[in-house]
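Novice: You'll find model_22.txt just under this line, and it carries compact mmCIF, C-alpha atoms.
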# COMPACT_ATOMS: atom_id res chain seq x y z
CA MET U 1 -60.02 -127.59 -0.53
CA LYS U 2 -60.06 -124.41 1.46
CA ALA U 3 -58.61 -126.19 4.47
CA VAL U 4 -55.78 -127.57 2.32
CA LYS U 5 -54.92 -124.07 1.16
CA VAL U 6 -54.81 -122.87 4.76
CA VAL U 7 -52.48 -125.72 5.74
CA ILE U 8 -50.21 -124.98 2.79
CA ALA U 9 -50.13 -121.29 3.69
CA ILE U 10 -49.17 -122.11 7.29
CA LEU U 11 -46.41 -124.43 6.10
CA VAL U 12 -45.04 -121.74 3.79
CA ILE U 13 -45.04 -119.21 6.63
CA LEU U 14 -43.25 -121.67 8.92
CA LEU U 15 -40.67 -122.48 6.28
CA LEU U 16 -40.04 -118.82 5.58
CA GLY U 17 -39.79 -118.15 9.28
CA ALA U 18 -37.40 -121.04 9.77
CA GLY U 19 -35.34 -119.89 6.81
CA GLY U 20 -35.30 -116.34 8.10
CA GLY U 21 -34.33 -117.52 11.56
CA ALA U 22 -31.58 -119.69 10.16
CA TYR U 23 -30.25 -116.81 8.13
CA TYR U 24 -30.40 -114.54 11.19
CA ILE U 25 -28.33 -117.00 13.21
CA TRP U 26 -25.93 -117.70 10.34
CA ASN U 27 -25.38 -113.98 9.80
CA GLY U 28 -24.82 -113.40 13.52
CA LEU U 29 -22.03 -115.98 13.48
CA GLN U 30 -20.16 -114.29 10.66
CA PRO U 31 -17.17 -112.02 11.38
CA VAL U 32 -17.81 -108.31 11.53
CA LYS U 33 -16.48 -106.11 8.77
CA ALA U 34 -12.69 -106.40 8.67
CA SER U 35 -10.56 -103.48 9.80
CA GLY U 36 -6.82 -102.93 9.88
CA GLN U 37 -7.12 -100.98 13.12
CA ALA U 38 -6.75 -103.28 16.13
CA VAL U 39 -8.82 -102.62 19.23
CA LYS U 40 -7.89 -103.33 22.83
CA PHE U 41 -10.33 -104.81 25.31
CA THR U 42 -10.08 -106.11 28.86
CA ILE U 43 -11.44 -109.36 30.24
CA GLU U 44 -11.53 -109.07 34.00
CA SER U 45 -11.19 -111.98 36.40
CA GLY U 46 -14.59 -113.52 37.23
CA MET U 47 -16.39 -112.18 34.16
CA GLY U 48 -19.21 -114.43 32.92
CA THR U 49 -19.95 -115.12 29.25
CA SER U 50 -22.76 -112.53 29.19
CA ARG U 51 -20.40 -109.77 30.31
CA ILE U 52 -17.65 -110.97 27.95
CA ALA U 53 -20.10 -110.98 25.03
CA GLU U 54 -21.08 -107.43 25.94
CA VAL U 55 -17.43 -106.30 25.96
CA LEU U 56 -16.76 -107.93 22.58
CA TYR U 57 -19.90 -106.40 21.06
CA LYS U 58 -19.14 -102.89 22.35
CA ASN U 59 -15.65 -103.16 20.88
CA GLY U 60 -17.02 -104.12 17.47
CA LEU U 61 -15.64 -107.67 17.43
CA ILE U 62 -18.93 -109.65 17.24
CA LYS U 63 -22.24 -108.93 15.59
CA ASN U 64 -24.67 -110.26 18.17
CA GLU U 65 -24.24 -110.86 21.90
CA THR U 66 -27.09 -113.38 22.23
CA ILE U 67 -25.96 -115.48 19.28
CA PHE U 68 -22.36 -115.42 20.55
CA LYS U 69 -23.47 -116.67 23.98
CA GLY U 70 -25.53 -119.40 22.33
CA TYR U 71 -22.57 -120.39 20.17
CA LEU U 72 -20.35 -120.65 23.25
CA LYS U 73 -22.91 -122.87 24.95
CA TRP U 74 -23.24 -125.09 21.88
CA LYS U 75 -19.43 -125.36 21.57
CA LYS U 76 -19.06 -125.85 25.35
CA GLU U 77 -16.67 -122.90 25.48
CA GLY U 78 -16.28 -119.90 27.74
CA SER U 79 -15.36 -121.58 31.02
CA HIS U 80 -11.61 -121.31 30.41
CA PHE U 81 -11.33 -117.75 29.16
CA GLN U 82 -8.36 -115.99 30.75
CA ALA U 83 -8.37 -112.51 32.20
CA GLY U 84 -6.13 -109.82 30.75
CA VAL U 85 -5.81 -107.05 28.21
CA TYR U 86 -6.27 -108.28 24.64
CA GLU U 87 -5.80 -106.76 21.22
CA SER U 88 -7.61 -107.91 18.08
CA LYS U 89 -8.57 -106.60 14.66
CA PRO U 90 -12.27 -106.64 13.77
CA GLY U 91 -12.98 -109.31 11.14
CA ILE U 92 -11.45 -112.40 12.73
CA ALA U 93 -13.62 -115.54 12.94
CA LEU U 94 -15.42 -116.33 16.17
CA ASP U 95 -13.43 -119.54 16.64
CA GLU U 96 -10.19 -117.58 16.33
CA LEU U 97 -11.42 -115.05 18.88
CA ILE U 98 -12.45 -117.86 21.24
CA ALA U 99 -9.04 -119.53 20.85
CA LYS U 100 -7.33 -116.23 21.73
CA LEU U 101 -9.34 -115.93 24.93
CA ASN U 102 -8.73 -119.59 25.85
CA SER U 103 -4.96 -119.32 25.37
CA GLY U 104 -4.62 -116.03 27.22
CA ASP U 105 -3.00 -114.40 24.19
CA VAL U 106 -2.89 -111.06 25.98
CA VAL U 107 -1.07 -107.89 24.98
CA LYS U 108 2.53 -108.07 26.12
CA GLU U 109 3.33 -105.23 28.47
CA ALA U 110 5.95 -102.75 27.36
CA MET U 111 9.21 -103.71 29.03
CA ASP U 112 12.60 -102.16 29.61
CA ARG U 113 15.43 -104.68 29.18
CA ILE U 114 18.80 -103.84 30.68
CA THR U 115 22.03 -105.78 31.01
CA ILE U 116 24.34 -104.83 33.86
CA PRO U 117 27.84 -106.09 32.95
CA GLU U 118 29.96 -107.85 35.54
CA GLY U 119 32.30 -105.42 37.22
CA TYR U 120 30.05 -102.36 36.91
CA THR U 121 30.08 -99.89 39.79
CA VAL U 122 26.95 -98.46 41.35
CA GLU U 123 27.55 -95.22 39.46
CA GLN U 124 27.84 -97.07 36.14
CA ILE U 125 24.66 -99.00 36.93
CA ALA U 126 22.82 -95.77 37.77
CA LYS U 127 23.96 -94.18 34.50
CA LYS U 128 22.94 -97.19 32.40
CA LEU U 129 19.55 -97.34 34.08
CA GLY U 130 19.07 -93.67 33.37
CA GLU U 131 19.85 -94.18 29.69
CA THR U 132 17.56 -97.21 29.39
CA THR U 133 14.60 -96.44 31.63
CA GLY U 134 14.90 -92.73 32.34
CA THR U 135 15.49 -93.47 36.02
CA PRO U 136 17.09 -90.37 37.64
CA VAL U 137 20.76 -91.12 38.34
CA ASP U 138 20.83 -89.07 41.54
CA ALA U 139 17.76 -90.84 42.91
CA PHE U 140 19.31 -94.26 42.28
CA LEU U 141 22.59 -93.23 43.93
CA LYS U 142 20.65 -91.93 46.92
CA LEU U 143 19.09 -95.37 47.30
CA ALA U 144 22.51 -96.99 46.93
CA ASP U 145 23.77 -94.87 49.82
CA HIS U 146 20.71 -95.41 52.00
CA PRO U 147 18.89 -98.60 50.92
CA GLY U 148 16.55 -98.59 53.91
CA ASP U 149 13.63 -100.99 53.47
CA GLU U 150 14.96 -102.02 50.03
CA ALA U 151 18.00 -103.72 51.60
CA VAL U 152 18.36 -107.49 51.90
CA VAL U 153 19.78 -109.68 54.67
CA ALA U 154 23.19 -109.94 53.00
CA PHE U 155 23.57 -106.16 53.25
CA LYS U 156 23.44 -106.09 57.06
CA GLU U 157 27.23 -105.99 57.55
CA ALA U 158 27.70 -103.18 55.02
CA SER U 159 25.01 -101.09 56.70
CA GLU U 160 27.18 -100.91 59.82
CA ILE U 161 30.26 -99.56 58.00
CA GLY U 162 30.50 -95.81 57.82
CA ASN U 163 33.24 -94.93 55.32
CA LEU U 164 31.84 -96.56 52.19
CA LYS U 165 31.73 -94.57 48.96
CA HIS U 166 28.36 -96.16 48.16
CA ALA U 167 26.83 -98.41 50.79
CA ALA U 168 25.24 -100.82 48.32
CA GLU U 169 28.36 -101.19 46.16
CA GLY U 170 28.88 -104.88 45.42
CA TYR U 171 25.36 -105.86 46.47
CA LEU U 172 23.62 -105.29 43.12
CA PHE U 173 24.01 -108.43 41.04
CA PRO U 174 25.24 -107.97 37.45
CA ASP U 175 22.64 -109.61 35.22
CA THR U 176 20.06 -109.01 32.49
CA TYR U 177 16.80 -107.64 33.87
CA GLU U 178 13.39 -106.87 32.43
CA PHE U 179 11.17 -104.30 34.07
CA LYS U 180 7.72 -103.07 33.13
CA LYS U 181 7.96 -99.56 31.76
CA GLY U 182 7.43 -97.12 34.58
CA THR U 183 8.59 -99.53 37.30
CA ASP U 184 9.35 -97.61 40.49
CA ILE U 185 13.04 -96.97 41.13
CA LYS U 186 12.83 -98.68 44.53
CA ASP U 187 11.49 -101.85 42.92
CA ILE U 188 14.34 -101.84 40.37
CA PHE U 189 16.93 -101.37 43.10
CA HIS U 190 15.38 -104.02 45.34
CA ARG U 191 15.20 -106.52 42.49
CA MET U 192 18.96 -106.18 41.89
CA MET U 193 19.66 -106.60 45.58
CA GLU U 194 17.37 -109.63 45.79
CA GLN U 195 19.19 -111.19 42.86
CA MET U 196 22.50 -110.92 44.72
CA GLN U 197 20.89 -112.40 47.83
CA SER U 198 19.53 -115.28 45.76
CA LYS U 199 22.94 -116.01 44.20
CA ILE U 200 24.63 -115.94 47.61
CA ASP U 201 21.98 -118.19 49.15
CA ASN U 202 22.63 -120.79 46.45
CA ILE U 203 26.36 -121.12 47.17
CA PRO U 204 26.91 -124.54 48.79
CA ASP U 205 28.39 -124.45 52.32
CA LEU U 206 28.90 -120.68 52.12
CA GLN U 207 29.04 -120.06 55.86
CA GLN U 208 31.56 -122.84 56.40
CA LYS U 209 33.74 -121.56 53.55
CA LEU U 210 33.67 -118.06 55.03
CA LYS U 211 34.55 -119.45 58.43
CA ASP U 212 37.44 -121.46 56.98
CA ARG U 213 38.81 -118.28 55.41
CA GLY U 214 38.14 -116.13 58.44
CA LEU U 215 36.05 -113.78 56.32
CA THR U 216 32.78 -111.96 56.73
CA LEU U 217 30.40 -111.92 53.78
CA HIS U 218 31.21 -108.25 53.23
CA GLU U 219 34.95 -108.97 53.11
CA MET U 220 34.39 -111.84 50.72
CA LEU U 221 32.41 -109.62 48.33
CA THR U 222 35.12 -106.97 48.65
CA ILE U 223 37.86 -109.40 47.57
CA ALA U 224 35.61 -110.74 44.80
CA SER U 225 35.17 -107.20 43.48
CA LEU U 226 38.96 -106.75 43.39
CA VAL U 227 39.33 -109.97 41.42
CA GLU U 228 36.53 -108.87 39.10
CA ARG U 229 38.23 -105.59 38.21
CA GLU U 230 41.70 -107.08 37.94
CA VAL U 231 41.02 -110.24 35.93
CA VAL U 232 39.55 -110.87 32.49
CA VAL U 233 40.62 -114.49 31.90
CA ASP U 234 38.41 -116.76 34.02
CA GLU U 235 41.14 -119.35 34.63
CA GLU U 236 43.23 -116.71 36.41
CA ARG U 237 40.57 -115.64 38.91
CA PRO U 238 41.39 -118.29 41.57
CA LEU U 239 45.12 -117.59 41.15
CA VAL U 240 44.73 -113.82 41.60
CA ALA U 241 42.46 -114.45 44.59
CA GLY U 242 45.28 -116.54 46.03
CA VAL U 243 47.79 -113.72 45.48
CA ILE U 244 45.50 -111.30 47.36
CA TYR U 245 45.29 -113.73 50.28
CA ASN U 246 49.08 -114.16 50.27
CA ARG U 247 49.65 -110.40 50.44
CA LEU U 248 47.07 -110.02 53.21
CA ASP U 249 48.69 -112.82 55.21
CA LYS U 250 52.11 -111.13 54.91
CA LYS U 251 50.65 -107.72 55.91
CA MET U 252 51.70 -106.30 52.54
CA LYS U 253 49.78 -103.48 50.91
CA LEU U 254 47.66 -104.87 48.09
CA ASP U 255 48.78 -102.18 45.60
CA ILE U 256 45.78 -102.84 43.35
CA ASP U 257 45.28 -100.23 40.61
CA ALA U 258 41.54 -100.84 40.46
CA THR U 259 41.12 -99.51 44.01
CA VAL U 260 42.80 -96.27 42.97
CA GLN U 261 40.53 -95.98 39.96
CA TYR U 262 37.56 -96.40 42.28
CA ALA U 263 38.88 -93.71 44.60
CA LEU U 264 39.26 -91.15 41.81
CA PRO U 265 36.34 -88.86 40.90
CA GLU U 266 36.51 -90.26 37.36
CA PRO U 267 38.39 -93.41 36.21
CA LYS U 268 41.39 -92.88 33.96
CA GLU U 269 42.63 -94.83 30.98
CA ARG U 270 46.07 -94.86 32.55
CA LEU U 271 47.04 -94.11 36.13
CA LEU U 272 49.86 -91.66 36.85
CA TYR U 273 52.27 -91.91 39.77
CA LYS U 274 50.54 -89.00 41.49
CA ASP U 275 47.22 -90.88 41.31
CA LEU U 276 48.66 -93.61 43.51
CA LYS U 277 48.91 -91.03 46.30
CA VAL U 278 45.26 -89.95 46.23
CA GLU U 279 43.95 -89.95 49.79
CA SER U 280 41.13 -92.42 50.13
CA PRO U 281 40.40 -95.42 52.37
CA TYR U 282 40.03 -97.34 49.10
CA ASN U 283 43.59 -96.63 47.96
CA THR U 284 45.43 -99.90 48.63
CA TYR U 285 48.74 -98.24 47.70
CA LEU U 286 48.42 -96.09 50.82
CA HIS U 287 46.48 -98.30 53.22
CA GLU U 288 47.20 -101.84 54.33
CA GLY U 289 44.52 -104.51 54.11
CA LEU U 290 41.24 -104.51 52.26
CA PRO U 291 39.40 -101.38 51.20
CA PRO U 292 36.25 -100.60 53.26
CA GLY U 293 34.01 -102.44 50.82
CA PRO U 294 33.52 -103.72 47.29
CA ILE U 295 34.58 -101.54 44.36
CA CYS U 296 32.11 -103.04 41.87
CA SER U 297 29.50 -105.74 41.38
CA PRO U 298 31.38 -109.06 41.26
CA SER U 299 30.39 -112.00 39.12
CA ILE U 300 29.68 -115.48 40.46
CA ALA U 301 32.98 -116.58 38.86
CA SER U 302 34.90 -114.09 41.00
CA ILE U 303 32.94 -114.99 44.13
CA GLU U 304 33.67 -118.68 43.58
CA ALA U 305 37.35 -117.89 42.99
CA VAL U 306 37.56 -116.09 46.33
CA LEU U 307 35.88 -118.99 48.13
CA SER U 308 38.09 -121.55 46.38
CA PRO U 309 41.38 -119.79 45.55
CA LYS U 310 44.33 -121.50 43.93
CA ALA U 311 47.21 -121.94 46.33
CA SER U 312 50.62 -120.61 45.23
CA ASP U 313 53.63 -118.69 46.52
CA TYR U 314 52.96 -115.80 44.17
CA LEU U 315 52.91 -112.30 45.61
CA TYR U 316 52.90 -110.23 42.42
CA TYR U 317 51.30 -110.13 39.01
CA VAL U 318 51.41 -107.82 36.02
CA THR U 319 49.25 -107.69 32.91
CA LYS U 320 50.78 -108.76 29.63
CA LYS U 321 50.74 -106.05 26.97
CA ASP U 322 50.02 -108.51 24.12
CA GLY U 323 46.25 -108.06 24.20
CA SER U 324 45.62 -111.46 25.80
CA HIS U 325 44.62 -109.87 29.15
CA GLU U 326 46.64 -112.58 30.85
CA HIS U 327 49.11 -111.95 33.69
CA LEU U 328 52.68 -112.81 34.53
CA PHE U 329 53.03 -113.99 38.14
CA ALA U 330 56.05 -113.72 40.43
CA LYS U 331 57.12 -114.92 43.88
CA THR U 332 59.69 -112.17 44.52
CA TYR U 333 59.86 -108.47 43.80
CA GLN U 334 62.88 -108.97 41.53
CA GLU U 335 60.94 -111.55 39.48
CA HIS U 336 58.10 -109.06 39.34
CA LEU U 337 60.40 -106.35 37.97
CA ASN U 338 61.63 -108.79 35.33
CA ASN U 339 58.02 -109.63 34.43
CA ILE U 340 57.23 -105.94 34.03
CA LYS U 341 60.02 -105.71 31.47
CA LYS U 342 58.77 -108.88 29.74
CA SER U 343 55.22 -107.56 29.63
CA LYS U 344 56.37 -104.53 27.65
CA SER U 345 58.34 -106.49 25.08
Show this structure as C-alpha cells.

Specialist:
Amino acid sequence: MKAVKVVIAILVILLLGAGGGAYYIWNGLQPVKASGQAVKFTIESGMGTSRIAEVLYKNGLIKNETIFKGYLKWKKEGSHFQAGVYESKPGIALDELIAKLNSGDVVKEAMDRITIPEGYTVEQIAKKLGETTGTPVDAFLKLADHPGDEAVVAFKEASEIGNLKHAAEGYLFPDTYEFKKGTDIKDIFHRMMEQMQSKIDNIPDLQQKLKDRGLTLHEMLTIASLVEREVVVDEERPLVAGVIYNRLDKKMKLDIDATVQYALPEPKERLLYKDLKVESPYNTYLHEGLPPGPICSPSIASIEAVLSPKASDYLYYVTKKDGSHEHLFAKTYQEHLNNIKKSKS
C-alpha cells in the first residue's frame, strides 16, 4: 500500500512538472505586451538564429530566446531570414515576426524624389536640387563646370571646348530620380550624367547617323537642345530640326531666340531688340553656325528628331499666338513676314 502511494506521488509530481513545463513553453510563445511604439532593430548578414533571437529579445519583441530558437527549429524556419533594418511594434505574433524576416520587409530608406523637366538648364537643375535636397547650388554648378572624375565618355568632346557657359550643359538627362537622403552631390551629378550616357548608348546606329549628318555627338546634342527650347508640339520637332539644318547648309545665322535667352544673365518673358545684340558666343543673331554647346538638357524626342529630321525647303518659322504652341513655316523671308502678321491675328 505504501509503495502504491509512492508511485502515485511520483506520477502527480511528473504530471505537475509536465504541466508546468508545457505552460512555460506556451507562455514563451505568446506575444509580448503590445505597444504602440515601434522599435527598430538590425539583422546583419551572416547572423545565426541564436544571435537573431538575442537581438529580438533585447528589443522587447520576444519573451524567451531559447523557446524562440526551439520554435524556429520545429517550424524549420530561420535559414531564409534577410539582413536589413526592420521596424516592428511589440505585441505581434511570432509567426508574423518570422514572416517579416523571411520577406525582408525592411524599413524603407528616406528618399528624395526629384523630376528634372526636359529643357531645363544646368542652373535650373541646380536650383531645383537645392530646393528638394538642400544641395548647395554653387557646389553643383562648380561640378557642372569641372566634372572631373564624375564625367562620362560622352562628355569627352565637351571637355575640350573652352568657351562653354557650363561644361556639362546638355549632358544631364532630364528624368525623375530618387536619391537616398544625404546622397553626396558628386553621386547625384554622376547619376544624371550616367543616365544621359545610357540613353545615348541605346540609340540604334548612332555613330552611323552622326557620320551621315557630319556631326559630332556634341554638335548633335547642341542642335537637340535648340529644338527642345524652340518646340513644344512633338510632331514639329523633326521639322524644326530640318529648318536648322537648312539654315546651317546655307550659311545663314540661326536667329534662334532661345540662344539669346541662354546668353542673358536671367531669361526674360519677352526679348527686346537690344537683347538680340548681347555679345555672347551663344547669340545666334550675332554669330553664324551653332552655339559652342547645348543650351539645355534635351529630351530623347528632340535627339531623335535631330538624328531623323523631316526634309523640307523651309528656312523660317514663327510661333502662333493662339496658345497652340504650333508654328507657321515659310520658305522665303517674305512668306515669313506674312506668317508673322498671321500669327498675331

Novice: Scan for residues within 12 Å of the point (35.5, -98.2, 41.8) in the coordinates of the file, using all atoms listed in the file, and reply as a ChimeraX atom specification.

Specialist: /U:119-125,164-166,169-170,222,225-226,228-230,256-268,280-283,291-298

Novice: If you measure from atom CA of Ile203 of chain U to atom CA of Tyr314 of chain U, what distance in Å do you get, rounded to one decimal?

Specialist: 27.3 Å

Novice: One decimal, in Å: what's the spacing between atom CA of Glu160 of chain U and atom CA of Ala144 of chain U?

Specialist: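 Result for atom CA of Glu160 of chain U versus atom CA of Ala144 of chain U: 14.3 Å, one decimal.
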
Novice: What does the distance from atom CA of His146 of chain U to atom CA of Asp184 of chain U come to in Å, to one decimal?

Specialist: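 If I compute the distance from atom CA of His146 of chain U to atom CA of Asp184 of chain U, I get 16.3 Å.
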
Novice: Using all atoms listed in the file, which protein or nucleic acid residues come within 10 Å of Gly48 of chain U? Drop anything in the same chain fewer than 4 positions from it, and give the result as a list in words.

Specialist: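 Using all atoms listed in the file, the neighbours found are Ile43, Glu44, Ile52, Ala53, Gly78, Ser79 and Phe81 of chain U.
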
Novice: Write the residues of the selection above to a file with C-alpha atoms, as a compact mmCIF listing (two decimals), in the coordinates of the input.

Specialist:
# COMPACT_ATOMS: atom_id res chain seq x y z
CA ILE U 43 -11.44 -109.36 30.24
CA GLU U 44 -11.53 -109.07 34.00
CA ILE U 52 -17.65 -110.97 27.95
CA ALA U 53 -20.10 -110.98 25.03
CA GLY U 78 -16.28 -119.90 27.74
CA SER U 79 -15.36 -121.58 31.02
CA PHE U 81 -11.33 -117.75 29.16

Novice: Hey, what's within 7 Å of segment 55-72 of chain U if we count all atoms listed in the file and toss same-chain stuff fewer than 2 positions away? As a PyMOL selection string, please?

Specialist: chain U and resi 25+28+31-32+49-53+74-78+90

Novice: Counting only C-alpha atoms, what is within 9 Å of segment 317-333 of chain U, bar same-chain residues fewer than 3 positions away, as a PyMOL selection string?

Specialist: chain U and resi 231-233+236+240+243+312-314+336-340+342-345

Novice: Could you check which of U:Glu279, U:Glu288, U:Asp175, U:Asp145 is closest to Asp255 of chain U, using all atoms listed in the file?

Specialist: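 Looking only at the distances to Asp255 of chain U, the closest residue turns out to be U:Glu288.
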
Novice: From the set U:Ala99, U:Gly289, U:Gly182, U:Gln37, which residue has the shortest atom-to-atom contact distance to Lys250 of chain U, counting only C-alpha atoms?

Specialist: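 Of U:Ala99, U:Gly289, U:Gly182, U:Gln37, the one nearest Lys250 of chain U, counting only C-alpha atoms, is U:Gly289.
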
Novice: Please provide the set of residues having any atom within 9 Å of Tyr86 of chain U, restricted to all atoms listed in the file, with same-chain residues fewer than 5 positions apart removed, written as a list in words.

Specialist: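 Residues meeting the cut-off are Val39, Lys40, Phe41, Thr42, Ile43, Lys100, Leu101, Gly104, Asp105, Val106, Val107 and Lys108 of chain U.
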
Novice: Using all atoms listed in the file, find the one residue out of U:Asn163, U:Ser103, U:Ser308, U:Thr183 that sits nearest to Ala224 of chain U.

Specialist: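 Result for the nearest residue to Ala224 of chain U: U:Ser308.
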
Novice: Skipping near chain neighbours, those fewer than 5 positions away, what residues fall within 9 Å of Leu254 of chain U using only C-alpha atoms, listed as a list of chain:residue names?

Specialist: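 Once the adjacent positions are removed, what remains is U:Ile244, U:Arg247, U:Leu248, U:Thr284, U:Tyr285, U:His287, U:Glu288, U:Gly289, U:Leu290.
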
Novice: Between U:Pro309, U:Ala168, U:Leu215, U:Lys341, which has the minimum distance to Lys156 of chain U (counting all atoms listed in the file)?

Specialist: U:Ala168
